[in-house]
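Peer 1: For reference, this is my_file-v4.cif, and it has mmCIF, C-alpha atoms and all ligand atoms.
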```cif
data_work
loop_
_atom_site.label_atom_id
_atom_site.label_comp_id
_atom_site.auth_asym_id
_atom_site.auth_seq_id
_atom_site.Cartn_x
_atom_site.Cartn_y
_atom_site.Cartn_z
CA MET A 1 -16.10 34.18 -18.58
CA THR A 2 -15.13 34.17 -14.94
CA THR A 3 -15.04 30.82 -13.22
CA THR A 4 -15.06 30.03 -9.55
CA THR A 5 -13.57 27.08 -7.72
CA HIS A 6 -17.12 25.83 -7.17
CA ASP A 7 -18.01 25.79 -10.84
CA THR A 8 -18.53 22.10 -11.62
CA GLN A 9 -20.23 22.42 -14.99
CA PRO A 10 -19.44 19.14 -16.77
CA THR A 11 -18.51 20.83 -20.04
CA THR A 12 -16.02 23.26 -18.51
CA PRO A 13 -14.16 21.65 -15.64
CA THR A 14 -12.31 24.42 -13.85
CA ARG A 15 -9.90 22.05 -12.17
CA THR A 16 -8.16 18.81 -12.95
CA ILE A 17 -7.42 16.71 -9.90
CA PRO A 18 -5.70 13.42 -10.78
CA PHE A 19 -6.12 10.49 -8.40
CA GLY A 20 -2.40 10.56 -7.73
CA ARG A 21 0.58 12.58 -8.84
CA PRO A 22 4.18 12.37 -7.63
CA LEU A 23 5.58 15.69 -6.40
CA ILE A 24 9.11 15.93 -7.73
CA ASP A 25 11.06 19.19 -7.60
CA GLN A 26 14.60 20.43 -8.12
CA ALA A 27 15.99 18.57 -5.09
CA GLU A 28 15.07 15.18 -6.59
CA LYS A 29 16.26 16.20 -10.07
CA ASP A 30 19.64 17.39 -8.71
CA ALA A 31 20.04 14.20 -6.68
CA VAL A 32 19.34 11.98 -9.68
CA LEU A 33 21.70 13.99 -11.89
CA ARG A 34 24.47 13.66 -9.32
CA VAL A 35 24.11 9.88 -9.59
CA LEU A 36 24.13 9.99 -13.39
CA ASP A 37 27.25 12.19 -13.34
CA GLY A 38 29.08 9.65 -11.20
CA PRO A 39 30.41 6.12 -11.70
CA ILE A 40 28.05 4.16 -9.41
CA LEU A 41 24.55 3.26 -10.60
CA THR A 42 23.96 0.27 -8.36
CA HIS A 43 25.51 -1.35 -5.26
CA GLY A 44 26.33 2.15 -4.05
CA PRO A 45 26.20 4.27 -0.92
CA LEU A 46 22.81 5.87 -1.62
CA VAL A 47 20.85 2.65 -1.21
CA LYS A 48 22.57 2.18 2.16
CA GLN A 49 21.75 5.77 3.11
CA PHE A 50 18.14 5.42 1.99
CA GLU A 51 17.80 2.23 4.07
CA ALA A 52 19.27 4.01 7.10
CA ASP A 53 17.02 7.04 6.64
CA PHE A 54 13.93 4.86 6.21
CA ALA A 55 14.87 2.81 9.29
CA ALA A 56 15.22 6.07 11.25
CA PHE A 57 11.85 7.36 10.03
CA THR A 58 9.97 4.18 10.93
CA GLY A 59 12.04 3.21 13.98
CA ALA A 60 13.06 -0.08 12.35
CA GLU A 61 16.12 -2.07 13.41
CA HIS A 62 16.62 -3.15 9.77
CA ALA A 63 15.52 -1.84 6.38
CA VAL A 64 16.19 -3.65 3.09
CA ALA A 65 15.52 -1.64 -0.09
CA THR A 66 13.93 -3.54 -2.96
CA SER A 67 12.79 -3.04 -6.53
CA SER A 68 9.08 -3.01 -5.51
CA CYS A 69 6.73 -3.86 -2.68
CA ALA A 70 5.79 -7.07 -4.52
CA ALA A 71 9.48 -8.01 -4.37
CA ALA A 72 9.64 -7.15 -0.66
CA LEU A 73 6.59 -9.33 0.06
CA HIS A 74 8.14 -12.23 -1.87
CA LEU A 75 11.41 -11.78 0.06
CA ALA A 76 9.46 -11.73 3.34
CA CYS A 77 7.87 -15.09 2.53
CA LEU A 78 11.24 -16.56 1.53
CA ALA A 79 13.03 -15.14 4.55
CA LEU A 80 10.37 -16.50 6.92
CA GLY A 81 10.74 -19.98 5.42
CA ILE A 82 7.18 -20.16 4.10
CA GLY A 83 6.86 -22.75 1.34
CA ARG A 84 5.17 -25.78 -0.12
CA GLY A 85 2.66 -27.43 2.17
CA ASP A 86 2.09 -24.27 4.21
CA GLU A 87 -1.09 -22.23 4.38
CA VAL A 88 -1.09 -18.48 4.87
CA LEU A 89 -4.13 -16.44 5.92
CA VAL A 90 -4.38 -13.49 3.53
CA SER A 91 -6.58 -10.38 3.69
CA ALA A 92 -9.27 -10.81 1.02
CA GLN A 93 -9.39 -7.06 0.44
CA THR A 94 -5.86 -6.24 -0.70
CA HIS A 95 -3.71 -5.87 -3.79
CA VAL A 96 -2.93 -9.20 -5.47
CA ALA A 97 0.73 -8.68 -4.57
CA THR A 98 0.04 -9.76 -0.97
CA ALA A 99 -1.38 -13.09 -2.16
CA HIS A 100 1.00 -13.55 -5.10
CA ALA A 101 3.97 -13.55 -2.70
CA VAL A 102 2.44 -16.52 -0.90
CA GLU A 103 1.74 -18.35 -4.15
CA LEU A 104 5.23 -17.67 -5.50
CA VAL A 105 6.85 -19.60 -2.63
CA GLY A 106 4.51 -22.53 -3.26
CA ALA A 107 2.28 -22.02 -0.21
CA GLU A 108 -1.52 -21.76 -0.33
CA CYS A 109 -3.68 -18.73 0.41
CA VAL A 110 -6.63 -18.92 2.78
CA PHE A 111 -8.57 -15.69 2.34
CA VAL A 112 -10.04 -13.90 5.34
CA ASP A 113 -12.82 -11.35 5.00
CA SER A 114 -12.70 -7.72 6.14
CA GLU A 115 -14.40 -6.03 9.03
CA PRO A 116 -16.78 -3.37 7.72
CA ARG A 117 -15.47 -0.38 9.70
CA THR A 118 -12.11 -0.08 7.91
CA GLY A 119 -11.95 -2.95 5.41
CA ASN A 120 -9.04 -4.48 7.33
CA ILE A 121 -8.79 -8.21 8.08
CA ASP A 122 -11.49 -9.22 10.59
CA PRO A 123 -9.72 -10.59 13.71
CA ASP A 124 -12.81 -12.65 14.60
CA LEU A 125 -12.37 -14.69 11.42
CA ILE A 126 -8.71 -15.59 11.93
CA GLU A 127 -8.94 -18.48 14.38
CA PRO A 128 -11.79 -20.25 12.52
CA ALA A 129 -9.58 -20.22 9.39
CA LEU A 130 -6.57 -21.91 11.02
CA THR A 131 -5.51 -25.47 10.26
CA GLU A 132 -2.48 -27.46 11.36
CA ARG A 133 -0.80 -26.25 8.14
CA THR A 134 -1.22 -22.52 8.85
CA LYS A 135 2.21 -20.94 8.98
CA ALA A 136 1.59 -17.20 8.73
CA ILE A 137 -0.78 -14.29 8.33
CA ALA A 138 -0.19 -11.86 5.45
CA LEU A 139 -2.35 -8.83 6.09
CA VAL A 140 -2.68 -5.41 4.57
CA HIS A 141 -3.12 -2.14 6.43
CA TYR A 142 -5.89 -1.12 4.10
CA LEU A 143 -6.02 2.55 2.98
CA GLY A 144 -3.47 3.44 5.65
CA PHE A 145 -5.70 2.50 8.59
CA ALA A 146 -3.88 0.06 10.85
CA ALA A 147 -5.32 -3.44 11.13
CA ASP A 148 -6.28 -4.39 14.68
CA MET A 149 -2.81 -5.62 15.69
CA ASP A 150 -3.73 -5.63 19.40
CA ARG A 151 -6.08 -8.50 18.67
CA ILE A 152 -4.17 -10.14 15.82
CA MET A 153 -0.71 -10.48 17.45
CA PRO A 154 -1.88 -12.50 20.49
CA ILE A 155 -3.61 -14.93 18.11
CA ALA A 156 -0.44 -15.18 16.01
CA GLU A 157 1.69 -15.75 19.11
CA ARG A 158 -0.68 -18.37 20.51
CA HIS A 159 -0.52 -20.34 17.26
CA ARG A 160 3.15 -19.57 16.45
CA LEU A 161 2.31 -17.82 13.20
CA ALA A 162 4.59 -15.38 11.42
CA VAL A 163 2.96 -12.06 10.51
CA ILE A 164 3.75 -10.21 7.28
CA GLU A 165 2.40 -6.66 7.15
CA ASP A 166 1.70 -5.25 3.71
CA CYS A 167 2.24 -1.55 4.34
CA ALA A 168 2.28 -0.53 0.66
CA ILE A 169 -0.40 2.09 1.29
CA ALA A 170 0.32 2.65 4.97
CA LEU A 171 3.55 4.61 5.12
CA GLY A 172 3.15 7.00 8.06
CA THR A 173 0.62 4.76 9.86
CA THR A 174 1.34 4.00 13.49
CA THR A 175 -0.52 1.94 16.05
CA GLY A 176 0.24 1.72 19.75
CA GLY A 177 3.12 4.15 19.15
CA LYS A 178 4.86 1.87 16.61
CA HIS A 179 5.10 2.24 12.88
CA VAL A 180 3.22 -0.49 11.04
CA GLY A 181 5.56 -3.13 9.68
CA LEU A 182 7.35 -3.46 13.03
CA ILE A 183 4.60 -5.24 14.93
CA GLY A 184 4.74 -8.49 12.98
CA ASP A 185 7.84 -10.17 11.55
CA ALA A 186 8.26 -8.12 8.38
CA GLY A 187 6.67 -5.00 6.88
CA CYS A 188 6.69 -4.20 3.16
CA PHE A 189 6.33 -0.75 1.57
CA SER A 190 5.81 0.53 -1.97
CA PHE A 191 7.32 3.58 -3.63
CA TYR A 192 5.23 3.31 -6.79
CA PRO A 193 4.48 6.84 -8.12
CA VAL A 194 1.03 7.36 -6.52
CA LYS A 195 2.13 6.15 -3.09
CA ALA A 196 2.98 8.35 -0.07
CA MET A 197 6.44 8.89 -1.58
CA THR A 198 8.12 7.53 -4.69
CA THR A 199 11.33 6.16 -6.14
CA GLY A 200 9.73 5.54 -9.55
CA GLU A 201 9.39 1.84 -8.82
CA GLY A 202 10.73 0.59 -5.52
CA GLY A 203 10.01 -0.87 -2.15
CA MET A 204 11.36 -1.54 1.33
CA LEU A 205 11.22 -4.41 3.79
CA ILE A 206 11.56 -3.48 7.45
CA THR A 207 11.93 -5.86 10.34
CA ARG A 208 12.98 -6.02 13.95
CA ARG A 209 14.48 -9.50 13.34
CA ASP A 210 18.19 -9.86 12.44
CA ASP A 211 17.64 -13.27 10.81
CA VAL A 212 14.84 -11.99 8.56
CA ALA A 213 16.89 -8.95 7.49
CA ARG A 214 19.91 -11.13 6.71
CA ALA A 215 17.93 -13.69 4.70
CA ALA A 216 15.96 -11.00 2.83
CA SER A 217 19.19 -9.20 1.85
CA GLN A 218 20.70 -12.42 0.57
CA TYR A 219 17.61 -13.49 -1.39
CA ARG A 220 17.48 -9.96 -2.81
CA ALA A 221 20.80 -10.45 -4.62
CA PHE A 222 20.81 -13.96 -6.14
CA GLY A 223 21.59 -15.61 -2.81
CA ILE A 224 25.19 -14.39 -3.00
CA ASP A 225 26.94 -14.78 0.32
CA ARG A 226 28.90 -11.52 0.19
CA ASN A 227 28.03 -7.89 -0.10
CA VAL A 228 29.69 -6.47 -3.24
CA VAL A 229 31.46 -3.46 -1.80
CA ALA A 230 32.24 -4.33 1.80
CA GLU A 231 32.92 -8.05 1.63
CA ARG A 232 34.36 -8.78 -1.79
CA PRO A 233 37.91 -7.44 -1.76
CA ILE A 234 38.66 -9.54 -4.80
CA PRO A 235 35.99 -8.78 -7.41
CA GLY A 236 34.11 -11.78 -8.74
CA MET A 237 34.84 -14.08 -5.77
CA TYR A 238 31.68 -15.29 -4.04
CA ASP A 239 29.50 -18.32 -3.39
CA VAL A 240 25.75 -18.85 -3.70
CA GLN A 241 23.95 -20.91 -1.08
CA MET A 242 20.32 -20.30 -1.97
CA LEU A 243 17.97 -19.71 -4.89
CA GLY A 244 17.87 -15.92 -4.83
CA LEU A 245 16.54 -13.23 -7.11
CA ASN A 246 17.59 -9.82 -8.31
CA TYR A 247 15.24 -7.52 -6.39
CA ARG A 248 17.68 -4.67 -5.76
CA LEU A 249 16.84 -0.97 -5.83
CA ASN A 250 19.37 1.08 -7.80
CA GLU A 251 21.19 4.30 -6.90
CA ILE A 252 18.88 6.47 -9.02
CA GLY A 253 15.81 5.25 -7.13
CA ALA A 254 17.62 5.62 -3.82
CA ALA A 255 18.61 9.22 -4.65
CA LEU A 256 14.95 9.99 -5.34
CA GLY A 257 13.85 8.19 -2.20
CA ILE A 258 16.25 10.06 0.08
CA GLU A 259 14.87 13.41 -1.11
CA GLN A 260 11.23 12.27 -1.01
CA LEU A 261 11.65 10.95 2.52
CA LYS A 262 12.72 14.41 3.70
CA LYS A 263 9.35 15.71 2.49
CA LEU A 264 7.29 12.82 3.83
CA PRO A 265 6.24 14.46 7.14
CA GLU A 266 4.81 17.41 5.18
CA PHE A 267 3.19 15.08 2.61
CA LEU A 268 1.52 13.18 5.46
CA ARG A 269 0.34 16.38 7.15
CA ILE A 270 -1.38 17.42 3.90
CA ARG A 271 -2.90 13.96 3.36
CA ARG A 272 -4.45 14.03 6.84
CA ARG A 273 -5.70 17.59 6.42
CA ASN A 274 -7.27 16.71 3.07
CA PHE A 275 -8.80 13.49 4.38
CA ASN A 276 -10.45 15.30 7.30
CA ALA A 277 -11.80 18.11 5.13
CA LEU A 278 -13.05 15.79 2.38
CA ALA A 279 -14.65 13.39 4.87
CA ALA A 280 -16.41 16.29 6.60
CA GLY A 281 -17.68 17.66 3.29
CA LEU A 282 -18.92 14.31 2.00
CA ALA A 283 -20.73 13.59 5.27
CA GLY A 284 -23.54 15.86 4.10
CA ILE A 285 -24.15 13.95 0.85
CA GLU A 286 -26.91 11.37 1.02
CA GLY A 287 -25.95 7.88 -0.07
CA ILE A 288 -22.24 8.25 0.70
CA GLN A 289 -20.36 7.00 3.74
CA VAL A 290 -16.64 7.37 4.29
CA LEU A 291 -14.83 4.12 5.11
CA GLY A 292 -12.80 4.50 8.29
CA ALA A 293 -14.56 7.76 9.17
CA ASP A 294 -14.32 6.99 12.90
CA GLU A 295 -10.64 5.99 12.83
CA PRO A 296 -7.95 8.30 14.22
CA VAL A 297 -6.65 10.20 11.21
CA GLU A 298 -3.58 11.66 12.94
CA THR A 299 -1.97 8.19 13.13
CA ALA A 300 -3.15 7.02 9.69
CA GLY A 301 -1.23 7.25 6.41
CA CYS A 302 -4.43 8.45 4.63
CA TYR A 303 -3.60 6.94 1.27
CA CYS A 304 -6.94 7.94 -0.25
CA LEU A 305 -10.56 8.37 0.83
CA VAL A 306 -12.87 5.49 0.04
CA ALA A 307 -16.52 6.51 -0.27
CA MET A 308 -19.02 3.69 0.22
CA LEU A 309 -22.08 4.10 -1.99
CA ASP A 310 -25.66 3.16 -1.15
CA ASP A 311 -27.33 0.53 -3.35
CA ALA A 312 -28.82 3.02 -5.80
CA LEU A 313 -25.48 4.78 -6.32
CA ARG A 314 -23.61 1.48 -6.47
CA ASP A 315 -25.74 0.50 -9.46
CA ARG A 316 -24.74 3.77 -11.15
CA ARG A 317 -21.06 3.68 -10.15
CA ILE A 318 -19.70 3.82 -13.70
CA ASP A 319 -21.90 6.85 -14.45
CA LEU A 320 -20.74 8.48 -11.25
CA ILE A 321 -17.09 7.91 -12.19
CA GLU A 322 -17.78 9.39 -15.64
CA ALA A 323 -19.63 12.36 -14.14
CA LEU A 324 -16.65 13.06 -11.87
CA LYS A 325 -14.19 12.59 -14.71
CA THR A 326 -16.11 15.15 -16.77
CA ARG A 327 -15.72 17.52 -13.84
CA GLY A 328 -11.96 16.91 -13.76
CA VAL A 329 -11.96 14.69 -10.66
CA GLY A 330 -9.81 11.55 -10.90
CA THR A 331 -11.04 8.46 -9.04
CA SER A 332 -9.93 4.88 -8.57
CA ILE A 333 -11.23 1.66 -7.01
CA TYR A 334 -9.37 -0.04 -4.15
CA TYR A 335 -9.51 -2.86 -5.05
CA PRO A 336 -11.58 -3.76 -8.12
CA ARG A 337 -12.29 -7.27 -6.79
CA PRO A 338 -11.40 -9.04 -3.57
CA VAL A 339 -8.33 -11.15 -4.38
CA PRO A 340 -10.25 -14.46 -4.16
CA ARG A 341 -12.46 -13.18 -7.00
CA MET A 342 -9.51 -12.53 -9.32
CA THR A 343 -9.56 -15.21 -12.02
CA TYR A 344 -6.27 -16.86 -11.02
CA TYR A 345 -7.50 -17.34 -7.43
CA ARG A 346 -11.09 -18.16 -8.38
CA ASP A 347 -9.86 -20.91 -10.70
CA LYS A 348 -7.30 -22.26 -8.28
CA TYR A 349 -9.40 -22.21 -5.09
CA ASP A 350 -12.90 -22.41 -6.57
CA THR A 351 -13.94 -19.38 -4.53
CA ARG A 352 -17.48 -17.97 -4.50
CA ASP A 353 -18.70 -14.38 -4.44
CA ASP A 354 -20.24 -14.76 -0.99
CA ASP A 355 -17.12 -16.30 0.63
CA THR A 356 -15.90 -12.83 1.62
CA PRO A 357 -19.04 -10.63 1.55
CA VAL A 358 -17.62 -7.57 3.32
CA ALA A 359 -14.64 -7.36 0.96
CA ALA A 360 -17.03 -7.89 -1.96
CA ARG A 361 -19.23 -5.02 -0.80
CA ILE A 362 -16.19 -2.71 -0.58
CA SER A 363 -14.99 -3.68 -4.07
CA ASP A 364 -18.42 -3.44 -5.65
CA ALA A 365 -19.80 -0.34 -3.96
CA SER A 366 -16.92 2.03 -3.37
CA LEU A 367 -15.12 4.86 -5.04
CA ALA A 368 -11.67 6.14 -4.08
CA LEU A 369 -10.97 9.87 -4.12
CA PRO A 370 -7.57 11.60 -3.94
CA VAL A 371 -6.19 13.21 -0.79
CA GLY A 372 -2.48 13.30 -1.74
CA PRO A 373 -0.23 16.32 -1.37
CA HIS A 374 -1.03 17.40 -4.94
CA VAL A 375 -4.53 18.24 -3.66
CA CYS A 376 -4.92 21.79 -2.27
CA PRO A 377 -7.76 23.01 0.01
CA GLU A 378 -9.55 24.59 -2.98
CA ASP A 379 -9.38 21.20 -4.74
CA VAL A 380 -11.04 19.58 -1.73
CA ASP A 381 -13.86 22.16 -1.80
CA TYR A 382 -14.20 21.61 -5.51
CA MET A 383 -14.34 17.81 -5.09
CA ILE A 384 -17.09 18.06 -2.47
CA THR A 385 -19.19 20.21 -4.78
CA ALA A 386 -18.38 17.98 -7.76
CA VAL A 387 -19.36 14.79 -5.90
CA ALA A 388 -22.64 16.38 -4.75
CA ALA A 389 -23.41 17.51 -8.32
CA ALA A 390 -22.42 14.16 -9.84
CA VAL A 391 -24.57 12.25 -7.33
CA GLU A 392 -27.53 14.49 -8.11
CA GLU A 393 -26.99 14.03 -11.82
CA VAL A 394 -26.84 10.23 -11.76
CA ARG A 395 -29.80 9.95 -9.37
CA LYS A 396 -31.96 11.91 -11.84
CA VAL A 397 -31.55 9.49 -14.73
C1 LIG B 401 -1.53 -3.16 -0.71
C2 LIG B 401 -0.55 -3.24 -1.83
N1 LIG B 401 0.43 -4.14 -1.77
C3 LIG B 401 1.36 -4.24 -2.74
C4 LIG B 401 1.33 -3.41 -3.83
C5 LIG B 401 2.36 -3.58 -4.90
O1 LIG B 401 3.30 -2.54 -4.82
P1 LIG B 401 4.47 -2.44 -5.92
O2 LIG B 401 3.86 -1.85 -7.13
O3 LIG B 401 5.50 -1.54 -5.29
O4 LIG B 401 4.98 -3.82 -6.13
C6 LIG B 401 0.33 -2.44 -3.94
C7 LIG B 401 0.30 -1.56 -5.11
O5 LIG B 401 -0.60 -0.77 -5.31
C8 LIG B 401 -0.63 -2.35 -2.92
O6 LIG B 401 -1.64 -1.47 -2.98
#
```
How does the structure come out when it is put into C-alpha cells?
Ligand SMILES: Cc1ncc(COP(=O)(O)O)c(C=O)c1O
Peer 2:
Amino acid sequence: MTTTTHDTQPTTPTRTIPFGRPLIDQAEKDAVLRVLDGPILTHGPLVKQFEADFAAFTGAEHAVATSSCAAALHLACLALGIGRGDEVLVSAQTHVATAHAVELVGAECVFVDSEPRTGNIDPDLIEPALTERTKAIALVHYLGFAADMDRIMPIAERHRLAVIEDCAIALGTTTGGKHVGLIGDAGCFSFYPVKAMTTGEGGMLITRRDDVARAASQYRAFGIDRNVVAERPIPGMYDVQMLGLNYRLNEIGAALGIEQLKKLPEFLRIRRRNFNALAAGLAGIEGIQVLGADEPVETAGCYCLVAMLDDALRDRRIDLIEALKTRGVGTSIYYPRPVPRMTYYRDKYDTRDDDTPVAARISDASLALPVGPHVCPEDVDYMITAVAAAVEEVRKV
C-alpha cells in the first residue's frame, strides 16, 4: 500500500510526531565523551564556558548555570532577599516552579490572571493586587511570547518591586531589542529535554545586577565563600556565611549545553517557521483559535502552539487528544491547571475556580501542538490535516 503524508487514517498513522524530542548528534556525544575521558566532572572549565556562551547569546552581564530552572528561580528569590512576610505577585498561568520558588523562601504568592491575547500576566491586574507587603513580581513569558514589560516595569519601578522573569519556555524571545530575563532583576531558563535546547536537566540564571549574580552563585554552592578552582589554593579551606544549596550544573551537562547553544539559532528559525505554517493551516479549522496568533513570531521563542478550542471541542478535549494520538500526533497541555488550582495552592490560599478566569479558560480549553526542530514541513502539513480530521471525527459523535 502506498501512503501519502496526508494519510491520517487512525489505524495506520503514517507519521509519529512527538510533542518534544531533543536533537542530539555526534557533536554532543563527542563533547560528553571528552568530559568522561578526563578528570573533571564538576567545578570545571566547561560550566564557565557555557555561562560565558549563554551570556553572549542573550547579551547578559552575568550568567549562573544551575541544575534546573526551578533551582534558578529559587536562587533568584534568595538572591533578591525575598522571604517570610513578603508577598510576590505570580502569574496564575505558569508552571508550578515559578510559584514554588516563592513558597520555598517563605514568602506568599498572590496570583494574577492572564490577559486573553497571549496568556501572559495581565498588567491591568497588577496594581490592584499590591499591598504594603508586596516585594516582587514573578512572571512567566508564556509559550515564548514576551509579557508586556513596557507596562510592567514602570509599575515595578513605581512600587520598588523586584521582577523575576521565568524564561523557561522563552529562550530566544526578545522584546524592545533585549532578550527576556534582562529586563527585570533576574531571568531563569530551563534546559529540560523538550525545551529550546537541552543539557538533560539544567538551567541558567541571567542578570544585569552584580549583586544578584554574586549572591546566586554563592547560594548555588552551599553558601561557600570561595570558588573551588580560582580561590581555594589550599583545598578544603573555606567558610560558609549563608544557608546555601547544591544547585550546580556539572561538566557533562555543560558540554551538552555548549554544543546545543551553537545550534540554537537554527532551532529557533525552525520553530518560528513551523509556528507560522501551523498557525496558518489551523486558521481554516472551525472551532480552533491560535493563542498569540497576532504576536510577532520573529521575536518569539515559539515553544509550542497552543490551540484554543470552542466550547463544543473543549467538552471533547480528551477524545480529540486520543484522536490525534491515534494519528501519531503528540500533544500536551500548558498548563493543566492554573497554579492557584493546584491542590497545594488551593488548600493553602483557599482559591476558587473563578479567581483567575482567563488562566482557567486556557488550562481547560486548550491543546498544545509541537513546533520544535524535530518537526519538518511535511509533519506540519500532516498535523494540519490530522487536526482537521480529528475535529471532524469528535464533532460527529
Ligand atoms: C514556565 C516554566 N518554569 C519552570 C519550569 C521548570 O523547569 P525545570 O524542569 O528546568 O526546573 C518549567 C518546566 O516545564 C516551565 O515550563
Peer 1: List every residue of chain A that has an atom at most 6 Å from any atom of ligand LIG 401 (chain B), giving for each one its closest atom pair and the distance in Å to one decimal, counting only C-alpha atoms and all ligand atoms, sorted by chain and then by ascending residue number, as JSON lines.
Peer 2:
```
{"residue": "A:Ser68", "atom": "CA", "partner": "B:LIG401", "partner_atom": "O3", "distance": 3.9}
{"residue": "A:Cys69", "atom": "CA", "partner": "B:LIG401", "partner_atom": "O3", "distance": 3.7}
{"residue": "A:Ala70", "atom": "CA", "partner": "B:LIG401", "partner_atom": "O4", "distance": 3.7}
{"residue": "A:Thr94", "atom": "CA", "partner": "B:LIG401", "partner_atom": "C1", "distance": 5.3}
{"residue": "A:His95", "atom": "CA", "partner": "B:LIG401", "partner_atom": "C2", "distance": 4.6}
{"residue": "A:Ala97", "atom": "CA", "partner": "B:LIG401", "partner_atom": "C3", "distance": 4.8}
{"residue": "A:Thr98", "atom": "CA", "partner": "B:LIG401", "partner_atom": "N1", "distance": 5.7}
{"residue": "A:Val140", "atom": "CA", "partner": "B:LIG401", "partner_atom": "C1", "distance": 5.9}
{"residue": "A:Asp166", "atom": "CA", "partner": "B:LIG401", "partner_atom": "N1", "distance": 5.7}
{"residue": "A:Ala168", "atom": "CA", "partner": "B:LIG401", "partner_atom": "C2", "distance": 4.6}
{"residue": "A:Ile169", "atom": "CA", "partner": "B:LIG401", "partner_atom": "O6", "distance": 5.7}
{"residue": "A:Ser190", "atom": "CA", "partner": "B:LIG401", "partner_atom": "O3", "distance": 3.9}
{"residue": "A:Phe191", "atom": "CA", "partner": "B:LIG401", "partner_atom": "O3", "distance": 5.7}
{"residue": "A:Tyr192", "atom": "CA", "partner": "B:LIG401", "partner_atom": "O3", "distance": 5.1}
{"residue": "A:Gly202", "atom": "CA", "partner": "B:LIG401", "partner_atom": "O3", "distance": 5.7}
{"residue": "A:Gly203", "atom": "CA", "partner": "B:LIG401", "partner_atom": "O3", "distance": 5.5}
```
Peer 1: Please, what distance in Å, to one decimal, runs between CA of Ala162 (chain A) and CA of Phe57 (chain A)?
Peer 2: 23.9 Å
Peer 1: Tell me, as a PyMOL selection string, which residues lie within 9 Å of Phe54 (chain A), counting all atoms listed in the file; anything in the same chain fewer than 6 positions away does not count.
Peer 2: chain A and resi 60+63+204+206+258+261
Peer 1: Which of these, A:Ile318, A:Ala388, A:Cys304, A:Val96, has the shortest distance to Ala170 (chain A) once you count all atoms listed in the file?
Peer 2: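 Among A:Ile318, A:Ala388, A:Cys304, A:Val96, it is A:Cys304 that comes nearest to Ala170 (chain A).
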Peer 1: Which is closest to Gly144 (chain A) among A:Leu264, A:Val180, A:Val112, A:Val358, if we use all atoms listed in the file?
Peer 2: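 Using all atoms listed in the file, the shortest distance to Gly144 (chain A) belongs to A:Val180.
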Peer 1: Have a look at A:Leu245, A:Lys348, A:Ala56, A:Asn250 and name the one nearest to Leu36 (chain A); count all atoms listed in the file.
Peer 2: A:Asn250
Peer 1: From the list A:Leu305, A:Ala72, A:Ala390, A:Val110, which residue is nearest Gly187 (chain A) when using all atoms listed in the file?
Peer 2: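 Ranked by minimum distance to Gly187 (chain A), first place goes to A:Ala72.
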